[in-house]
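Colleague: I have a structure here, written as structure tokens, and I will follow up with some questions on it.
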Amino acid sequence: MCGDCYHRGFFVFPTYWKFDTFAEELQQKVTYGPLQAVACAANFPDSIGKPEAFYRCPSCRETWALSSPDNAWRGYFLPMHMAKTYLRDTQRKAFIRGIIRKILLLAIAAYLFWKWLH
Ligand SMILES: [Zn+2]
């Protein structure tokens, strides 16, 4: 992170308009410098939120990962190491939410069954 690329990352693009504005600025930084679009060697699991583009800043040597918003997914633009952590945490939270949802459904089904028996 530096003055040439970005001072901070974006954990979410709350609106399409915000992403549109960001994407225009990013395109300017790629077209006129300093950012360079690069291929990425890092492994990301195939899942929602997997970054689709990577950019390198020659000034601070940061590699940025971009995941565009898509329906409910709100995207991000973060340094590589932060993107990996963010994606892992997001997937972990989704997994835990899924388990809690299943436990609640099971509890409701057990309660209804118990009510039906009595
Ligand atoms: Zn930089």
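Each chain in the structure tokens gets a letter, A, B and so on, in the order shown; residues start at 1 in every chain, and ligands are counted from 1 in the order they appear.
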Counting only C-alpha atoms and all ligand atoms, which residues of chain A sit at most 8 Å from some atom of ligand 1, and what is each one's closest atom pair with its distance in Å to one decimal, listed by chain and rising residue number, as JSON lines?
Modeller:
{"residue": "A:Met1", "atom": "CA", "partner": "ligand 1", "partner_atom_place_in_ligand_line": "1 (Zn)", "distance": 4.6}
{"residue": "A:Cys2", "atom": "CA", "partner": "ligand 1", "partner_atom_place_in_ligand_line": "1 (Zn)", "distance": 4.1}
{"residue": "A:Gly3", "atom": "CA", "partner": "ligand 1", "partner_atom_place_in_ligand_line": "1 (Zn)", "distance": 6.3}
{"residue": "A:Asp4", "atom": "CA", "partner": "ligand 1", "partner_atom_place_in_ligand_line": "1 (Zn)", "distance": 5.0}
{"residue": "A:Cys5", "atom": "CA", "partner": "ligand 1", "partner_atom_place_in_ligand_line": "1 (Zn)", "distance": 4.2}
{"residue": "A:Tyr6", "atom": "CA", "partner": "ligand 1", "partner_atom_place_in_ligand_line": "1 (Zn)", "distance": 6.3}
{"residue": "A:His7", "atom": "CA", "partner": "ligand 1", "partner_atom_place_in_ligand_line": "1 (Zn)", "distance": 7.9}
{"residue": "A:Leu35", "atom": "CA", "partner": "ligand 1", "partner_atom_place_in_ligand_line": "1 (Zn)", "distance": 7.9}
{"residue": "A:Arg56", "atom": "CA", "partner": "ligand 1", "partner_atom_place_in_ligand_line": "1 (Zn)", "distance": 7.9}
{"residue": "A:Cys57", "atom": "CA", "partner": "ligand 1", "partner_atom_place_in_ligand_line": "1 (Zn)", "distance": 4.6}
{"residue": "A:Pro58", "atom": "CA", "partner": "ligand 1", "partner_atom_place_in_ligand_line": "1 (Zn)", "distance": 6.6}
{"residue": "A:Ser59", "atom": "CA", "partner": "ligand 1", "partner_atom_place_in_ligand_line": "1 (Zn)", "distance": 5.0}
{"residue": "A:Cys60", "atom": "CA", "partner": "ligand 1", "partner_atom_place_in_ligand_line": "1 (Zn)", "distance": 4.2}
{"residue": "A:Arg61", "atom": "CA", "partner": "ligand 1", "partner_atom_place_in_ligand_line": "1 (Zn)", "distance": 6.3}
{"residue": "A:Glu62", "atom": "CA", "partner": "ligand 1", "partner_atom_place_in_ligand_line": "1 (Zn)", "distance": 5.8}
Colleague: Excluding stretch 11-28 of chain A and residues on its chain fewer than 3 positions from it, collect all residues at most 6 Å away from it, counting only C-alpha atoms, and give them as a CSV table (one decimal) with C-alpha atoms, in the first residue's frame.
Modeller:
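part.csv written:
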chain,number,residue,atom,x,y,z
A,31,THR,CA,-3.6,2.3,-18.3
A,32,TYR,CA,-1.5,5.3,-17.2
A,74,ARG,CA,-20.1,-7.6,-2.7
A,75,GLY,CA,-16.5,-8.1,-3.9
A,76,TYR,CA,-13.2,-6.7,-2.5
Colleague: Atom CA of A:Pro79 and atom CA of A:Ser67, how far apart in Å?
Modeller: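 Interatomic distance here is 11.6 Å.
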Colleague: Go through chain A and collect every residue that DSSP, computed from the backbone, puts in helix (DSSP H, G or I); the answer should be as a PyMOL selection string.
Modeller: chain A and resi 16-31+80-117
